[in-house]
>>> print(open('input35.cif').read())   # mmCIF, C-alpha atoms; chains and numbers go by the auth columns
data_run
#
loop_
_atom_site.group_PDB
_atom_site.id
_atom_site.type_symbol
_atom_site.label_atom_id
_atom_site.label_comp_id
_atom_site.label_asym_id
_atom_site.label_seq_id
_atom_site.Cartn_x
_atom_site.Cartn_y
_atom_site.Cartn_z
_atom_site.B_iso_or_equiv
_atom_site.auth_seq_id
_atom_site.auth_asym_id
ATOM 1 C CA MET A 1 -99.388 48.842 163.652 0.00 1 E
ATOM 2 C CA LYS A 2 -96.695 47.730 161.198 0.00 2 E
ATOM 3 C CA ARG A 3 -93.164 47.714 162.543 0.00 3 E
ATOM 4 C CA SER A 4 -90.067 48.145 160.457 0.00 4 E
ATOM 5 C CA SER A 5 -86.381 48.057 161.350 0.00 5 E
ATOM 6 C CA GLY A 6 -83.105 48.901 159.651 0.00 6 E
ATOM 7 C CA ILE A 7 -79.439 49.825 159.987 0.00 7 E
ATOM 8 C CA LEU A 8 -77.831 53.156 159.136 0.00 8 E
ATOM 9 C CA PHE A 9 -74.145 52.525 158.496 0.00 9 E
ATOM 10 C CA PHE A 10 -71.779 55.473 158.690 0.00 10 E
ATOM 11 C CA LYS A 11 -68.079 56.106 158.320 0.00 11 E
ATOM 12 C CA ARG A 12 -65.718 58.956 158.996 0.00 12 E
ATOM 13 C CA ASP A 13 -63.980 60.148 155.843 0.00 13 E
ATOM 14 C CA LYS A 14 -61.384 62.820 156.655 0.00 14 E
ATOM 15 C CA ASP A 15 -63.461 65.629 158.180 0.00 15 E
ATOM 16 C CA ASN A 16 -66.783 64.312 156.881 0.00 16 E
ATOM 17 C CA ILE A 17 -69.310 61.732 157.946 0.00 17 E
ATOM 18 C CA LYS A 18 -70.718 59.550 155.178 0.00 18 E
ATOM 19 C CA VAL A 19 -73.833 57.401 155.410 0.00 19 E
ATOM 20 C CA PHE A 20 -74.753 54.328 153.433 0.00 20 E
ATOM 21 C CA LEU A 21 -78.043 54.699 151.547 0.00 21 E
ATOM 22 C CA CYS A 22 -79.914 52.670 148.927 0.00 22 E
ATOM 23 C CA HIS A 23 -82.023 53.811 145.990 0.00 23 E
ATOM 24 C CA PRO A 24 -85.189 51.768 145.366 0.00 24 E
ATOM 25 C CA GLY A 25 -85.456 49.806 142.150 0.00 25 E
ATOM 26 C CA GLY A 26 -88.407 49.468 139.819 0.00 26 E
ATOM 27 C CA PRO A 27 -90.182 51.751 137.391 0.00 27 E
ATOM 28 C CA TYR A 28 -91.612 54.154 139.986 0.00 28 E
ATOM 29 C CA TRP A 29 -88.161 55.314 141.085 0.00 29 E
ATOM 30 C CA GLU A 30 -86.018 54.947 137.958 0.00 30 E
ATOM 31 C CA ASN A 31 -86.042 58.659 137.070 0.00 31 E
ATOM 32 C CA THR A 32 -85.919 60.101 140.577 0.00 32 E
ATOM 33 C CA HIS A 33 -82.878 61.094 142.568 0.00 33 E
ATOM 34 C CA LEU A 34 -83.815 63.705 145.165 0.00 34 E
ATOM 35 C CA HIS A 35 -85.695 62.482 148.250 0.00 35 E
ATOM 36 C CA SER A 36 -85.778 58.933 146.911 0.00 36 E
ATOM 37 C CA TRP A 37 -82.952 57.197 148.792 0.00 37 E
ATOM 38 C CA GLY A 38 -83.357 55.313 152.022 0.00 38 E
ATOM 39 C CA ILE A 39 -81.921 53.374 154.899 0.00 39 E
ATOM 40 C CA PRO A 40 -82.067 49.623 154.219 0.00 40 E
ATOM 41 C CA LYS A 41 -84.972 48.414 156.339 0.00 41 E
ATOM 42 C CA GLY A 42 -88.083 46.300 156.305 0.00 42 E
ATOM 43 C CA GLU A 43 -90.954 44.830 158.263 0.00 43 E
ATOM 44 C CA LEU A 44 -90.470 42.517 161.206 0.00 44 E
ATOM 45 C CA ASP A 45 -91.534 38.907 160.876 0.00 45 E
ATOM 46 C CA LYS A 46 -93.858 37.531 163.534 0.00 46 E
ATOM 47 C CA ASN A 47 -92.050 37.180 166.890 0.00 47 E
ATOM 48 C CA GLU A 48 -88.850 38.723 165.443 0.00 48 E
ATOM 49 C CA SER A 49 -86.916 41.323 167.419 0.00 49 E
ATOM 50 C CA THR A 50 -86.200 44.727 165.879 0.00 50 E
ATOM 51 C CA LYS A 51 -82.482 43.969 165.981 0.00 51 E
ATOM 52 C CA ASP A 52 -82.827 40.604 164.230 0.00 52 E
ATOM 53 C CA ALA A 53 -85.138 42.145 161.614 0.00 53 E
ATOM 54 C CA ALA A 54 -82.687 44.966 160.942 0.00 54 E
ATOM 55 C CA ILE A 55 -79.845 42.488 160.363 0.00 55 E
ATOM 56 C CA ARG A 56 -81.982 40.206 158.170 0.00 56 E
ATOM 57 C CA GLU A 57 -83.367 43.081 156.092 0.00 57 E
ATOM 58 C CA PHE A 58 -79.913 44.595 155.578 0.00 58 E
ATOM 59 C CA LYS A 59 -78.613 41.273 154.257 0.00 59 E
ATOM 60 C CA GLU A 60 -81.644 40.822 151.962 0.00 60 E
ATOM 61 C CA GLU A 61 -81.459 44.336 150.560 0.00 61 E
ATOM 62 C CA THR A 62 -77.674 44.612 150.117 0.00 62 E
ATOM 63 C CA ASN A 63 -76.198 41.084 150.100 0.00 63 E
ATOM 64 C CA LEU A 64 -73.772 42.245 152.820 0.00 64 E
ATOM 65 C CA GLU A 65 -73.192 40.431 156.112 0.00 65 E
ATOM 66 C CA VAL A 66 -73.762 42.259 159.380 0.00 66 E
ATOM 67 C CA ASP A 67 -72.739 41.172 162.856 0.00 67 E
ATOM 68 C CA LYS A 68 -75.056 41.691 165.823 0.00 68 E
ATOM 69 C CA ASP A 69 -72.892 44.513 167.165 0.00 69 E
ATOM 70 C CA ILE A 70 -75.276 47.301 166.137 0.00 70 E
ATOM 71 C CA ILE A 71 -76.406 50.188 168.339 0.00 71 E
ATOM 72 C CA PHE A 72 -79.972 51.390 168.798 0.00 72 E
ATOM 73 C CA LEU A 73 -80.420 54.925 167.415 0.00 73 E
ATOM 74 C CA TYR A 74 -84.101 55.889 167.455 0.00 74 E
ATOM 75 C CA THR A 75 -87.681 54.751 166.957 0.00 75 E
ATOM 76 C CA LYS A 76 -90.144 57.017 165.144 0.00 76 E
ATOM 77 C CA LYS A 77 -93.761 56.710 164.093 0.00 77 E
ATOM 78 C CA VAL A 78 -93.523 57.701 160.408 0.00 78 E
ATOM 79 C CA SER A 79 -97.195 57.294 159.503 0.00 79 E
ATOM 80 C CA ASN A 80 -100.502 56.422 161.151 0.00 80 E
ATOM 81 C CA ASN A 81 -99.743 52.721 160.932 0.00 81 E
ATOM 82 C CA LYS A 82 -95.930 52.399 160.760 0.00 82 E
ATOM 83 C CA LEU A 83 -93.277 52.496 163.469 0.00 83 E
ATOM 84 C CA VAL A 84 -89.623 52.465 162.337 0.00 84 E
ATOM 85 C CA THR A 85 -86.626 51.539 164.504 0.00 85 E
ATOM 86 C CA ILE A 86 -83.133 52.317 163.234 0.00 86 E
ATOM 87 C CA PHE A 87 -79.833 50.988 164.527 0.00 87 E
ATOM 88 C CA ILE A 88 -76.405 52.343 163.617 0.00 88 E
ATOM 89 C CA LYS A 89 -72.971 50.891 163.000 0.00 89 E
ATOM 90 C CA GLU A 90 -69.707 52.610 162.135 0.00 90 E
ATOM 91 C CA LYS A 91 -68.001 50.557 159.463 0.00 91 E
ATOM 92 C CA ASP A 92 -66.519 51.127 156.018 0.00 92 E
ATOM 93 C CA LEU A 93 -68.526 48.646 153.967 0.00 93 E
ATOM 94 C CA ASP A 94 -67.130 47.332 150.684 0.00 94 E
ATOM 95 C CA LEU A 95 -69.942 48.006 148.211 0.00 95 E
ATOM 96 C CA SER A 96 -68.484 45.962 145.338 0.00 96 E
ATOM 97 C CA ASN A 97 -70.708 42.959 146.117 0.00 97 E
ATOM 98 C CA CYS A 98 -73.918 44.872 146.816 0.00 98 E
ATOM 99 C CA LYS A 99 -76.996 43.485 145.177 0.00 99 E
ATOM 100 C CA SER A 100 -80.575 43.433 146.278 0.00 100 E
ATOM 101 C CA ASN A 101 -83.345 40.916 146.550 0.00 101 E
ATOM 102 C CA THR A 102 -86.013 41.248 143.848 0.00 102 E
ATOM 103 C CA PHE A 103 -89.765 41.682 143.506 0.00 103 E
ATOM 104 C CA GLU A 104 -92.292 41.054 140.745 0.00 104 E
ATOM 105 C CA LEU A 105 -94.491 43.825 139.376 0.00 105 E
ATOM 106 C CA GLU A 106 -96.952 44.059 136.527 0.00 106 E
ATOM 107 C CA TRP A 107 -95.493 46.840 134.363 0.00 107 E
ATOM 108 C CA PRO A 108 -96.794 48.700 132.549 0.00 108 E
ATOM 109 C CA LYS A 109 -99.888 48.417 134.698 0.00 109 E
ATOM 110 C CA GLY A 110 -102.792 46.621 133.013 0.00 110 E
ATOM 111 C CA THR A 111 -100.613 44.753 130.479 0.00 111 E
ATOM 112 C CA ASN A 112 -100.389 41.416 132.350 0.00 112 E
ATOM 113 C CA LYS A 113 -96.622 41.644 131.770 0.00 113 E
ATOM 114 C CA ILE A 114 -94.772 40.679 134.959 0.00 114 E
ATOM 115 C CA ASN A 115 -91.265 42.066 135.343 0.00 115 E
ATOM 116 C CA ILE A 116 -88.674 41.387 138.003 0.00 116 E
ATOM 117 C CA TYR A 117 -86.959 44.371 139.637 0.00 117 E
ATOM 118 C CA PRO A 118 -84.327 44.718 142.354 0.00 118 E
ATOM 119 C CA GLU A 119 -85.678 46.134 145.603 0.00 119 E
ATOM 120 C CA ASN A 120 -82.688 48.519 145.494 0.00 120 E
ATOM 121 C CA ASP A 121 -80.799 49.422 142.336 0.00 121 E
ATOM 122 C CA LYS A 122 -78.049 51.738 143.691 0.00 122 E
ATOM 123 C CA PHE A 123 -75.904 51.667 146.817 0.00 123 E
ATOM 124 C CA GLU A 124 -73.705 54.604 147.813 0.00 124 E
ATOM 125 C CA TRP A 125 -71.749 56.299 150.549 0.00 125 E
ATOM 126 C CA ILE A 126 -73.130 59.837 150.703 0.00 126 E
ATOM 127 C CA GLU A 127 -71.851 62.779 152.736 0.00 127 E
ATOM 128 C CA LEU A 128 -74.185 63.391 155.653 0.00 128 E
ATOM 129 C CA GLU A 129 -75.186 66.924 154.645 0.00 129 E
ATOM 130 C CA GLU A 130 -75.878 65.839 151.051 0.00 130 E
ATOM 131 C CA ALA A 131 -77.906 62.899 152.344 0.00 131 E
ATOM 132 C CA TYR A 132 -80.579 65.307 153.595 0.00 132 E
ATOM 133 C CA ASN A 133 -81.372 66.150 149.948 0.00 133 E
ATOM 134 C CA LEU A 134 -81.461 62.522 148.856 0.00 134 E
ATOM 135 C CA ILE A 135 -83.100 60.577 151.671 0.00 135 E
ATOM 136 C CA PHE A 136 -86.868 60.177 151.915 0.00 136 E
ATOM 137 C CA PRO A 137 -88.092 63.155 153.978 0.00 137 E
ATOM 138 C CA LYS A 138 -89.628 60.947 156.689 0.00 138 E
ATOM 139 C CA GLN A 139 -86.202 59.360 157.244 0.00 139 E
ATOM 140 C CA GLN A 140 -84.357 62.679 157.755 0.00 140 E
ATOM 141 C CA ILE A 141 -85.041 62.419 161.501 0.00 141 E
ATOM 142 C CA PHE A 142 -82.627 59.463 161.643 0.00 142 E
ATOM 143 C CA LEU A 143 -79.862 61.621 160.126 0.00 143 E
ATOM 144 C CA ASP A 144 -80.619 64.250 162.787 0.00 144 E
ATOM 145 C CA LYS A 145 -80.363 61.646 165.535 0.00 145 E
ATOM 146 C CA LEU A 146 -77.063 60.333 164.142 0.00 146 E
ATOM 147 C CA LYS A 147 -75.642 63.880 164.115 0.00 147 E
ATOM 148 C CA GLU A 148 -76.779 64.415 167.711 0.00 148 E
ATOM 149 C CA LYS A 149 -75.187 61.150 168.819 0.00 149 E
ATOM 150 C CA LEU A 150 -71.879 61.888 167.104 0.00 150 E
ATOM 151 C CA LYS A 151 -71.804 65.459 168.444 0.00 151 E
ATOM 152 C CA TYR A 152 -72.418 64.118 171.970 0.00 152 E
ATOM 153 C CA GLU A 153 -69.589 61.583 171.568 0.00 153 E
ATOM 154 C CA CYS A 154 -67.197 64.362 170.471 0.00 154 E
ATOM 155 C CA GLN A 155 -68.164 66.477 173.489 0.00 155 E
ATOM 156 C CA LYS A 156 -67.461 63.572 175.864 0.00 156 E
ATOM 157 C CA GLN A 157 -63.881 63.179 174.584 0.00 157 E
#
>>> encode(input="input35.cif", output="structure tokens")
Amino acid sequence: MKRSSGILFFKRDKDNIKVFLCHPGGPYWENTHLHSWGIPKGELDKNESTKDAAIREFKEETNLEVDKDIIFLYTKKVSNNKLVTIFIKEKDLDLSNCKSNTFELEWPKGTNKINIYPENDKFEWIELEEAYNLIFPKQQIFLDKLKEKLKYECQKQ
């Protein structure tokens, strides 16, 4: 089974919670907005921990540094052969230096023309409730888990 790991950053903005999401680059996603954003994440390298993979993937996909002080949120099997672990961190990231790693793709298909695209082409802070309309449906569970965790923290205080 493939294993993937990522970090869902969030911040409190007045009375709202905002989450940091990325929009995938490349021709398949260029004209989509709804249900096409995601949590920066990627597959674990051999013998790599989920935490180390989450930090590495976040750096690769955003160009932003992350310290190891991230908190486990949830692990979910999102398909028959993929298990995703998400960590969280409350921090107001400066998005001015965001840029993604790139990938090569023959496009248009069958033309032998290889183009280079960013893995992510947009980076935004999005209000939590709005994020449900933008995030990939299989990642909505991680928004639910974040809401549960924050609600529990408020009840403890």
>>> resolve_selection(input="input35.cif", expression="the PyMOL selection byres ((chain E and resi 18) around 8)", output="MDAnalysis selection string")
chainID E and resid 10:13 16:17 19:20 125:128
>>> closest_residue(input="input35.cif", among="E:Met1, E:Ala131, E:Leu83, E:Leu73", to="Leu150 of chain E", atoms="all atoms listed in the file")
E:Leu73
>>> closest_residue(input="input35.cif", among="E:Lys109, E:Lys147, E:Arg56, E:Lys14", to="Tyr28 of chain E", atoms="only C-alpha atoms")
E:Lys109
>>> axis_aligned_box(input="input35.cif", around="segment 136-147 of chain E", padding_each_side="3 Å", output="JSON")
{"center_x": -82.6, "center_y": 61.8, "center_z": 158.7, "size_x": 20.0, "size_y": 10.9, "size_z": 19.6}
>>> atom_distance(input="input35.cif", atom1="atom CA of Gln140 of chain E", atom2="atom CA of Phe9 of chain E")
14.4 Å
>>> residues_near_point(input="input35.cif", point="(-86.0, 55.0, 153.3)", cutoff="10 Å", atoms="all atoms listed in the file", output="NGL selection string")
:E and (6 or 21-24 or 35-42 or 134-140)
>>> atom_distance(input="input35.cif", atom1="atom CA of Glu65 of chain E", atom2="atom CA of Glu124 of chain E")
16.4 Å
>>> resolve_selection(input="input35.cif", expression="the PyMOL selection byres ((chain E and resi 84) around 8)", output="PDB file with C-alpha atoms, in the frame of the given file")
ATOM      1  CA  ARG E   3     -93.164  47.714 162.543  1.00  0.00           C
ATOM      2  CA  SER E   4     -90.067  48.145 160.457  1.00  0.00           C
ATOM      3  CA  SER E   5     -86.381  48.057 161.350  1.00  0.00           C
ATOM      4  CA  GLY E   6     -83.105  48.901 159.651  1.00  0.00           C
ATOM      5  CA  THR E  75     -87.681  54.751 166.957  1.00  0.00           C
ATOM      6  CA  LYS E  76     -90.144  57.017 165.144  1.00  0.00           C
ATOM      7  CA  LYS E  77     -93.761  56.710 164.093  1.00  0.00           C
ATOM      8  CA  VAL E  78     -93.523  57.701 160.408  1.00  0.00           C
ATOM      9  CA  LYS E  82     -95.930  52.399 160.760  1.00  0.00           C
ATOM     10  CA  LEU E  83     -93.277  52.496 163.469  1.00  0.00           C
ATOM     11  CA  THR E  85     -86.626  51.539 164.504  1.00  0.00           C
ATOM     12  CA  ILE E  86     -83.133  52.317 163.234  1.00  0.00           C
TER      13      ILE E  86
END
>>> resolve_selection(input="input35.cif", expression="the PyMOL selection byres ((chain E and resi 91-99) around 6)", output="PyMOL selection string")
chain E and resi 11+62-63+90+100
>>> atom_distance(input="input35.cif", atom1="atom CA of Tyr132 of chain E", atom2="atom CA of Ser49 of chain E")
28.4 Å
>>> closest_residue(input="input35.cif", among="E:Phe87, E:Phe123, E:Phe103, E:Tyr117", to="Ile55 of chain E", atoms="only C-alpha atoms")
E:Phe87
>>> closest_residue(input="input35.cif", among="E:Asp45, E:Glu104, E:Glu130, E:Glu148", to="Pro118 of chain E", atoms="only C-alpha atoms")
E:Glu104
>>> decode(input="input35.cif", residues="segment 28-72 of chain E", atoms="N, CA and C atoms", output="PDB file, in the first residue's frame")
ATOM      1  N   TYR E  28      -4.227  19.612 -16.597  1.00  0.00           N
ATOM      2  CA  TYR E  28      -5.449  18.939 -16.137  1.00  0.00           C
ATOM      3  C   TYR E  28      -6.259  19.806 -15.178  1.00  0.00           C
ATOM      4  N   TRP E  29      -5.588  20.676 -14.445  1.00  0.00           N
ATOM      5  CA  TRP E  29      -6.241  21.432 -13.377  1.00  0.00           C
ATOM      6  C   TRP E  29      -6.381  22.913 -13.679  1.00  0.00           C
ATOM      7  N   GLU E  30      -5.861  23.384 -14.822  1.00  0.00           N
ATOM      8  CA  GLU E  30      -5.794  24.830 -15.038  1.00  0.00           C
ATOM      9  C   GLU E  30      -7.151  25.525 -15.080  1.00  0.00           C
ATOM     10  N   ASN E  31      -8.205  24.849 -15.451  1.00  0.00           N
ATOM     11  CA  ASN E  31      -9.522  25.485 -15.523  1.00  0.00           C
ATOM     12  C   ASN E  31     -10.482  24.986 -14.455  1.00  0.00           C
ATOM     13  N   THR E  32      -9.963  24.398 -13.398  1.00  0.00           N
ATOM     14  CA  THR E  32     -10.814  23.915 -12.320  1.00  0.00           C
ATOM     15  C   THR E  32     -10.540  24.705 -11.047  1.00  0.00           C
ATOM     16  N   HIS E  33     -11.590  24.883 -10.268  1.00  0.00           N
ATOM     17  CA  HIS E  33     -11.445  25.595  -9.007  1.00  0.00           C
ATOM     18  C   HIS E  33     -12.092  24.805  -7.868  1.00  0.00           C
ATOM     19  N   LEU E  34     -13.338  24.392  -8.056  1.00  0.00           N
ATOM     20  CA  LEU E  34     -14.032  23.642  -7.024  1.00  0.00           C
ATOM     21  C   LEU E  34     -13.490  22.221  -6.915  1.00  0.00           C
ATOM     22  N   HIS E  35     -13.339  21.757  -5.694  1.00  0.00           N
ATOM     23  CA  HIS E  35     -12.875  20.394  -5.395  1.00  0.00           C
ATOM     24  C   HIS E  35     -11.574  20.050  -6.109  1.00  0.00           C
ATOM     25  N   SER E  36     -10.688  21.025  -6.208  1.00  0.00           N
ATOM     26  CA  SER E  36      -9.402  20.777  -6.873  1.00  0.00           C
ATOM     27  C   SER E  36      -8.222  21.368  -6.102  1.00  0.00           C
ATOM     28  N   TRP E  37      -8.408  21.673  -4.837  1.00  0.00           N
ATOM     29  CA  TRP E  37      -7.341  22.160  -3.978  1.00  0.00           C
ATOM     30  C   TRP E  37      -6.977  21.060  -2.997  1.00  0.00           C
ATOM     31  N   GLY E  38      -5.771  21.125  -2.450  1.00  0.00           N
ATOM     32  CA  GLY E  38      -5.384  20.069  -1.540  1.00  0.00           C
ATOM     33  C   GLY E  38      -4.394  20.496  -0.483  1.00  0.00           C
ATOM     34  N   ILE E  39      -4.214  19.600   0.461  1.00  0.00           N
ATOM     35  CA  ILE E  39      -3.213  19.740   1.506  1.00  0.00           C
ATOM     36  C   ILE E  39      -1.875  19.333   0.906  1.00  0.00           C
ATOM     37  N   PRO E  40      -0.828  20.132   1.075  1.00  0.00           N
ATOM     38  CA  PRO E  40       0.480  19.724   0.550  1.00  0.00           C
ATOM     39  C   PRO E  40       0.924  18.407   1.178  1.00  0.00           C
ATOM     40  N   LYS E  41       1.138  17.405   0.338  1.00  0.00           N
ATOM     41  CA  LYS E  41       1.493  16.079   0.837  1.00  0.00           C
ATOM     42  C   LYS E  41       2.146  15.283  -0.275  1.00  0.00           C
ATOM     43  N   GLY E  42       2.701  14.143   0.087  1.00  0.00           N
ATOM     44  CA  GLY E  42       3.306  13.284  -0.910  1.00  0.00           C
ATOM     45  C   GLY E  42       3.725  11.960  -0.308  1.00  0.00           C
ATOM     46  N   GLU E  43       4.220  11.092  -1.179  1.00  0.00           N
ATOM     47  CA  GLU E  43       4.574   9.734  -0.767  1.00  0.00           C
ATOM     48  C   GLU E  43       5.847   9.700   0.063  1.00  0.00           C
ATOM     49  N   LEU E  44       5.867   8.752   0.993  1.00  0.00           N
ATOM     50  CA  LEU E  44       7.030   8.528   1.832  1.00  0.00           C
ATOM     51  C   LEU E  44       8.131   7.854   1.020  1.00  0.00           C
ATOM     52  N   ASP E  45       9.360   8.265   1.270  1.00  0.00           N
ATOM     53  CA  ASP E  45      10.511   7.555   0.731  1.00  0.00           C
ATOM     54  C   ASP E  45      10.720   6.298   1.571  1.00  0.00           C
ATOM     55  N   LYS E  46      11.483   5.367   1.037  1.00  0.00           N
ATOM     56  CA  LYS E  46      11.763   4.129   1.760  1.00  0.00           C
ATOM     57  C   LYS E  46      12.405   4.448   3.108  1.00  0.00           C
ATOM     58  N   ASN E  47      11.910   3.825   4.160  1.00  0.00           N
ATOM     59  CA  ASN E  47      12.407   3.977   5.530  1.00  0.00           C
ATOM     60  C   ASN E  47      12.227   5.385   6.105  1.00  0.00           C
ATOM     61  N   GLU E  48      11.357   6.196   5.511  1.00  0.00           N
ATOM     62  CA  GLU E  48      11.114   7.559   5.998  1.00  0.00           C
ATOM     63  C   GLU E  48       9.882   7.553   6.906  1.00  0.00           C
ATOM     64  N   SER E  49       9.937   8.298   7.977  1.00  0.00           N
ATOM     65  CA  SER E  49       8.782   8.392   8.873  1.00  0.00           C
ATOM     66  C   SER E  49       7.717   9.295   8.236  1.00  0.00           C
ATOM     67  N   THR E  50       6.483   9.145   8.698  1.00  0.00           N
ATOM     68  CA  THR E  50       5.404   9.993   8.170  1.00  0.00           C
ATOM     69  C   THR E  50       5.674  11.458   8.488  1.00  0.00           C
ATOM     70  N   LYS E  51       6.211  11.721   9.651  1.00  0.00           N
ATOM     71  CA  LYS E  51       6.507  13.100  10.050  1.00  0.00           C
ATOM     72  C   LYS E  51       7.592  13.707   9.165  1.00  0.00           C
ATOM     73  N   ASP E  52       8.676  12.972   8.958  1.00  0.00           N
ATOM     74  CA  ASP E  52       9.758  13.476   8.101  1.00  0.00           C
ATOM     75  C   ASP E  52       9.277  13.677   6.664  1.00  0.00           C
ATOM     76  N   ALA E  53       8.439  12.764   6.170  1.00  0.00           N
ATOM     77  CA  ALA E  53       7.911  12.895   4.813  1.00  0.00           C
ATOM     78  C   ALA E  53       7.016  14.121   4.693  1.00  0.00           C
ATOM     79  N   ALA E  54       6.197  14.356   5.702  1.00  0.00           N
ATOM     80  CA  ALA E  54       5.307  15.521   5.677  1.00  0.00           C
ATOM     81  C   ALA E  54       6.111  16.819   5.599  1.00  0.00           C
ATOM     82  N   ILE E  55       7.167  16.910   6.391  1.00  0.00           N
ATOM     83  CA  ILE E  55       8.016  18.109   6.397  1.00  0.00           C
ATOM     84  C   ILE E  55       8.730  18.266   5.056  1.00  0.00           C
ATOM     85  N   ARG E  56       9.302  17.180   4.549  1.00  0.00           N
ATOM     86  CA  ARG E  56      10.005  17.230   3.259  1.00  0.00           C
ATOM     87  C   ARG E  56       9.056  17.616   2.131  1.00  0.00           C
ATOM     88  N   GLU E  57       7.893  16.978   2.072  1.00  0.00           N
ATOM     89  CA  GLU E  57       6.938  17.259   1.001  1.00  0.00           C
ATOM     90  C   GLU E  57       6.432  18.697   1.062  1.00  0.00           C
ATOM     91  N   PHE E  58       6.199  19.203   2.270  1.00  0.00           N
ATOM     92  CA  PHE E  58       5.734  20.588   2.399  1.00  0.00           C
ATOM     93  C   PHE E  58       6.772  21.546   1.829  1.00  0.00           C
ATOM     94  N   LYS E  59       8.026  21.314   2.156  1.00  0.00           N
ATOM     95  CA  LYS E  59       9.110  22.169   1.643  1.00  0.00           C
ATOM     96  C   LYS E  59       9.187  22.084   0.114  1.00  0.00           C
ATOM     97  N   GLU E  60       9.119  20.860  -0.431  1.00  0.00           N
ATOM     98  CA  GLU E  60       9.192  20.683  -1.884  1.00  0.00           C
ATOM     99  C   GLU E  60       8.031  21.367  -2.600  1.00  0.00           C
ATOM    100  N   GLU E  61       6.845  21.275  -2.031  1.00  0.00           N
ATOM    101  CA  GLU E  61       5.660  21.764  -2.724  1.00  0.00           C
ATOM    102  C   GLU E  61       5.365  23.241  -2.498  1.00  0.00           C
ATOM    103  N   THR E  62       6.021  23.861  -1.497  1.00  0.00           N
ATOM    104  CA  THR E  62       5.721  25.266  -1.199  1.00  0.00           C
ATOM    105  C   THR E  62       6.951  26.164  -1.126  1.00  0.00           C
ATOM    106  N   ASN E  63       8.125  25.589  -0.963  1.00  0.00           N
ATOM    107  CA  ASN E  63       9.368  26.330  -0.757  1.00  0.00           C
ATOM    108  C   ASN E  63       9.421  26.997   0.629  1.00  0.00           C
ATOM    109  N   LEU E  64       8.571  26.555   1.548  1.00  0.00           N
ATOM    110  CA  LEU E  64       8.540  27.124   2.893  1.00  0.00           C
ATOM    111  C   LEU E  64       9.146  26.139   3.890  1.00  0.00           C
ATOM    112  N   GLU E  65       9.890  26.675   4.849  1.00  0.00           N
ATOM    113  CA  GLU E  65      10.522  25.856   5.880  1.00  0.00           C
ATOM    114  C   GLU E  65       9.513  25.506   6.966  1.00  0.00           C
ATOM    115  N   VAL E  66       9.644  24.308   7.490  1.00  0.00           N
ATOM    116  CA  VAL E  66       8.773  23.832   8.561  1.00  0.00           C
ATOM    117  C   VAL E  66       9.647  23.224   9.646  1.00  0.00           C
ATOM    118  N   ASP E  67       9.349  23.567  10.910  1.00  0.00           N
ATOM    119  CA  ASP E  67      10.079  22.898  11.987  1.00  0.00           C
ATOM    120  C   ASP E  67       9.381  21.579  12.312  1.00  0.00           C
ATOM    121  N   LYS E  68       9.986  20.779  13.134  1.00  0.00           N
ATOM    122  CA  LYS E  68       9.459  19.440  13.435  1.00  0.00           C
ATOM    123  C   LYS E  68       8.319  19.471  14.447  1.00  0.00           C
ATOM    124  N   ASP E  69       7.946  20.653  14.885  1.00  0.00           N
ATOM    125  CA  ASP E  69       6.902  20.804  15.895  1.00  0.00           C
ATOM    126  C   ASP E  69       5.514  20.767  15.244  1.00  0.00           C
ATOM    127  N   ILE E  70       5.181  19.628  14.637  1.00  0.00           N
ATOM    128  CA  ILE E  70       3.868  19.438  14.039  1.00  0.00           C
ATOM    129  C   ILE E  70       3.129  18.362  14.824  1.00  0.00           C
ATOM    130  N   ILE E  71       1.805  18.414  14.783  1.00  0.00           N
ATOM    131  CA  ILE E  71       0.973  17.534  15.606  1.00  0.00           C
ATOM    132  C   ILE E  71       0.194  16.576  14.711  1.00  0.00           C
ATOM    133  N   PHE E  72       0.229  15.303  15.065  1.00  0.00           N
ATOM    134  CA  PHE E  72      -0.538  14.303  14.321  1.00  0.00           C
ATOM    135  C   PHE E  72      -2.025  14.656  14.383  1.00  0.00           C
TER     136      PHE E  72
END
